[in-house]
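Structure first, commentary second.
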Amino acid sequence: RGLLGIAFDPNFTTNRFIYVYYTRSTSPVKNRVSRFTASVSNADIAQAGSEVVLLDDIPSDAGNHNGGAIHFGPDGKLYIAVGDGGQTSTNAQLLSNLSGKILRINADGTVPGDNPFVATVGVRGEVWAYGLRNPFTFAIDPSTGSMNINDVGQNTWEEINLGIRGANYGWPTCEGPQNTGVGSCTNSAFTYPIHAYNHNGSGASIAGGAFYRGSQ
């Protein structure tokens, strides 16, 4: 909880917009995505009263698994990584809520018409991909526009998932390439990680990643 993610508008030099994913302190405690307008004279200071709430009531059920990374894609849309809330892992499979998802919205908070589930009754139109546990970081390749999602595991596996429109990454049935015991991990509907590692032997939780296209 707290300040979870921040992104500058692609047109920041002209509109001064900054986007923030944070935990609101009002009860019940929830996460929200808001847009602020930075001061013209000092970009470190937001103008008083400039907050525009774009998404609210994002679950933070147990206080953890909030996700938090937000980035603009090459398509000019804002992508938001949301965890499963830490209490009800099966929410990651329910398209009627925002938990355990990658969300995609327009810069003004509206839902893009080409989101994968936008025309489906009972489904949140903001959902772009789902079946994630706690994707608190992701990165977008500046050369190709591809997205790598870093999803923190539970008992054993950390995973990197390729961001794909409409993909289901299998949580809580799957953790990494393995079956968590909730159900069968062998499912043609699931998109499996492009990389996974055992955090019991070769490392801790996956905290981040970046694309490097230089020559050094």
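Following the order of the structure tokens, chains are lettered A, B, ..., residues in each are numbered from 1, and ligands are numbered from 1.
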Practice problem: Using DSSP on the backbone coordinates, identify the residues of chain A assigned to strand (DSSP E or B); present them as a PyMOL selection string. | Solution: chain A and resi 3-8+17-23+31-38+46+52-58+70-72+78-82+101-105+127-130+137-140+147-151+157-162+168+174-175+178-179+190+195-198
Practice problem: Excluding segment 193-203 of chain A and any residue of its chain fewer than 4 positions from it, enumerate the residues within 8 Å of it, using only C-alpha atoms, and give them as a PyMOL selection string. | Solution: chain A and resi 156-162+169+176-177
Closest atom pairs, residues of segment 130-196 of chain A within 9 Å of segment 47-70 of chain A, only C-alpha atoms, as JSON lines:
```
{"residue": "A:Arg133", "atom": "CA", "partner": "A:His65", "partner_atom": "CA", "distance": 7.0}
{"residue": "A:Asn134", "atom": "CA", "partner": "A:His65", "partner_atom": "CA", "distance": 4.9}
{"residue": "A:Pro135", "atom": "CA", "partner": "A:Gly67", "partner_atom": "CA", "distance": 5.0}
{"residue": "A:Phe136", "atom": "CA", "partner": "A:Gly67", "partner_atom": "CA", "distance": 3.7}
{"residue": "A:Thr137", "atom": "CA", "partner": "A:Ala69", "partner_atom": "CA", "distance": 5.0}
{"residue": "A:Phe138", "atom": "CA", "partner": "A:Ala69", "partner_atom": "CA", "distance": 6.5}
{"residue": "A:Ala139", "atom": "CA", "partner": "A:Ala69", "partner_atom": "CA", "distance": 8.8}
{"residue": "A:Asp151", "atom": "CA", "partner": "A:Gly67", "partner_atom": "CA", "distance": 8.9}
{"residue": "A:Val152", "atom": "CA", "partner": "A:His65", "partner_atom": "CA", "distance": 8.9}
```
Exercise. Please indicate the distance in Å from atom CA of Phe190 of chain A to atom CA of Ala167 of chain A, rounded to one decimal place.
Key: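 Atom-to-atom, atom CA of Phe190 of chain A to atom CA of Ala167 of chain A, that is 7.2 Å.
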Quiz item: Could you pull the residues within 8 Å of Asn168 of chain A, counting only C-alpha atoms, minus those fewer than 4 positions along the same chain, as a count of residues only?
Solution: 8
Quiz item: With distances taken over only C-alpha atoms, which of A:Gly208, A:Pro116, A:Pro142, A:Gly125 is nearest to Ile164 of chain A?
Solution: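 Nearest to Ile164 of chain A: A:Pro116.
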Self-check item: Residue with smallest distance to Tyr21 of chain A - pool A:Val127, A:Ala38, A:Ala46, A:Leu78, counting only C-alpha atoms
Solution: A:Leu78
Quiz item: Using only C-alpha atoms, which of A:Trp171, A:His71, A:Gly183, A:Asn106 sits nearest Gly145 of chain A?
Solution: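 Result for the nearest residue to Gly145 of chain A: A:His71.
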Practice problem: Please provide the set of residues having any atom within 10 Å of Arg124 of chain A, restricted to only C-alpha atoms, with same-chain residues fewer than 6 positions apart removed, written as a list in words. | Solution: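 So, after excluding close chain neighbours, the residues are Leu94, Leu95, Ser96, Asn97, Leu98, Leu103, Val111, Phe117 and Val118 of chain A.
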Selected residues written out, N, CA, C and O atoms, as a compact mmCIF listing (two decimals), in the first residue's frame:
```txt
# COMPACT_ATOMS: atom_id res chain seq x y z
N LEU A 94 -11.98 -13.88 -12.39
CA LEU A 94 -13.31 -13.31 -12.58
C LEU A 94 -13.21 -11.99 -13.34
O LEU A 94 -12.63 -11.02 -12.85
N LEU A 95 -13.80 -11.93 -14.50
CA LEU A 95 -13.73 -10.74 -15.34
C LEU A 95 -14.68 -9.64 -14.89
O LEU A 95 -14.69 -8.55 -15.46
N SER A 96 -15.44 -9.91 -13.84
CA SER A 96 -16.37 -8.92 -13.31
C SER A 96 -15.72 -7.98 -12.31
O SER A 96 -16.36 -7.05 -11.80
N ASN A 97 -14.43 -8.21 -11.98
CA ASN A 97 -13.72 -7.32 -11.06
C ASN A 97 -12.34 -6.98 -11.62
O ASN A 97 -11.94 -7.50 -12.65
N LEU A 98 -11.64 -6.07 -10.93
CA LEU A 98 -10.36 -5.57 -11.43
C LEU A 98 -9.15 -6.29 -10.83
O LEU A 98 -8.01 -5.97 -11.19
N LEU A 103 -4.95 -3.77 -16.62
CA LEU A 103 -6.04 -2.91 -17.10
C LEU A 103 -5.50 -1.97 -18.19
O LEU A 103 -4.31 -1.64 -18.21
N VAL A 111 -12.91 3.81 -21.30
CA VAL A 111 -12.49 2.47 -21.74
C VAL A 111 -12.31 2.46 -23.26
O VAL A 111 -13.23 2.85 -23.99
N PHE A 117 -12.68 -7.32 -23.84
CA PHE A 117 -13.95 -7.76 -23.26
C PHE A 117 -14.96 -6.61 -23.16
O PHE A 117 -15.94 -6.70 -22.42
N VAL A 118 -14.73 -5.54 -23.90
CA VAL A 118 -15.51 -4.33 -23.72
C VAL A 118 -16.99 -4.52 -24.05
O VAL A 118 -17.84 -3.84 -23.49
```
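Between Thr110 of chain A and the residues A:Glu126, A:Arg165, A:Asp44, A:Gly83, the shortest atom-to-atom distance, using only C-alpha atoms, involves A:Glu126.
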Quiz item: Which residue out of A:Asp114, A:Asp75, A:Asp108, A:Asp84 has the minimum interatomic distance to Arg35 of chain A when only C-alpha atoms are used?
Solution: A:Asp108
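Here atom CA of Ser34 of chain A and atom CA of Ile18 of chain A stand 8.4 Å from one another.
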Exercise. May I ask for the distance between atom CA of Leu3 of chain A and atom CA of Asn31 of chain A, given in Å to one decimal place?
Key: 9.6 Å
Self-check item: Residue nearest Thr90 of chain A among A:Ser41, A:Ser215, A:Asn11, A:Thr173 (counting only C-alpha atoms)
Solution: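 Closest residue, counting only C-alpha atoms: A:Thr173.
Across chain A, DSSP run on the backbone finds helix (DSSP H, G or I) at A:Phe12, A:Thr13, A:Thr14, A:Asn15, A:Ser89, A:Thr90, A:Asn91, A:Ala92, A:Gln93.
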Self-check item: Exercise: Gly163 of chain A partners within 9 Å, only C-alpha atoms, chain neighbours under 3 positions left out, as a ChimeraX atom specification
Solution: /A:102,129,146-149,167
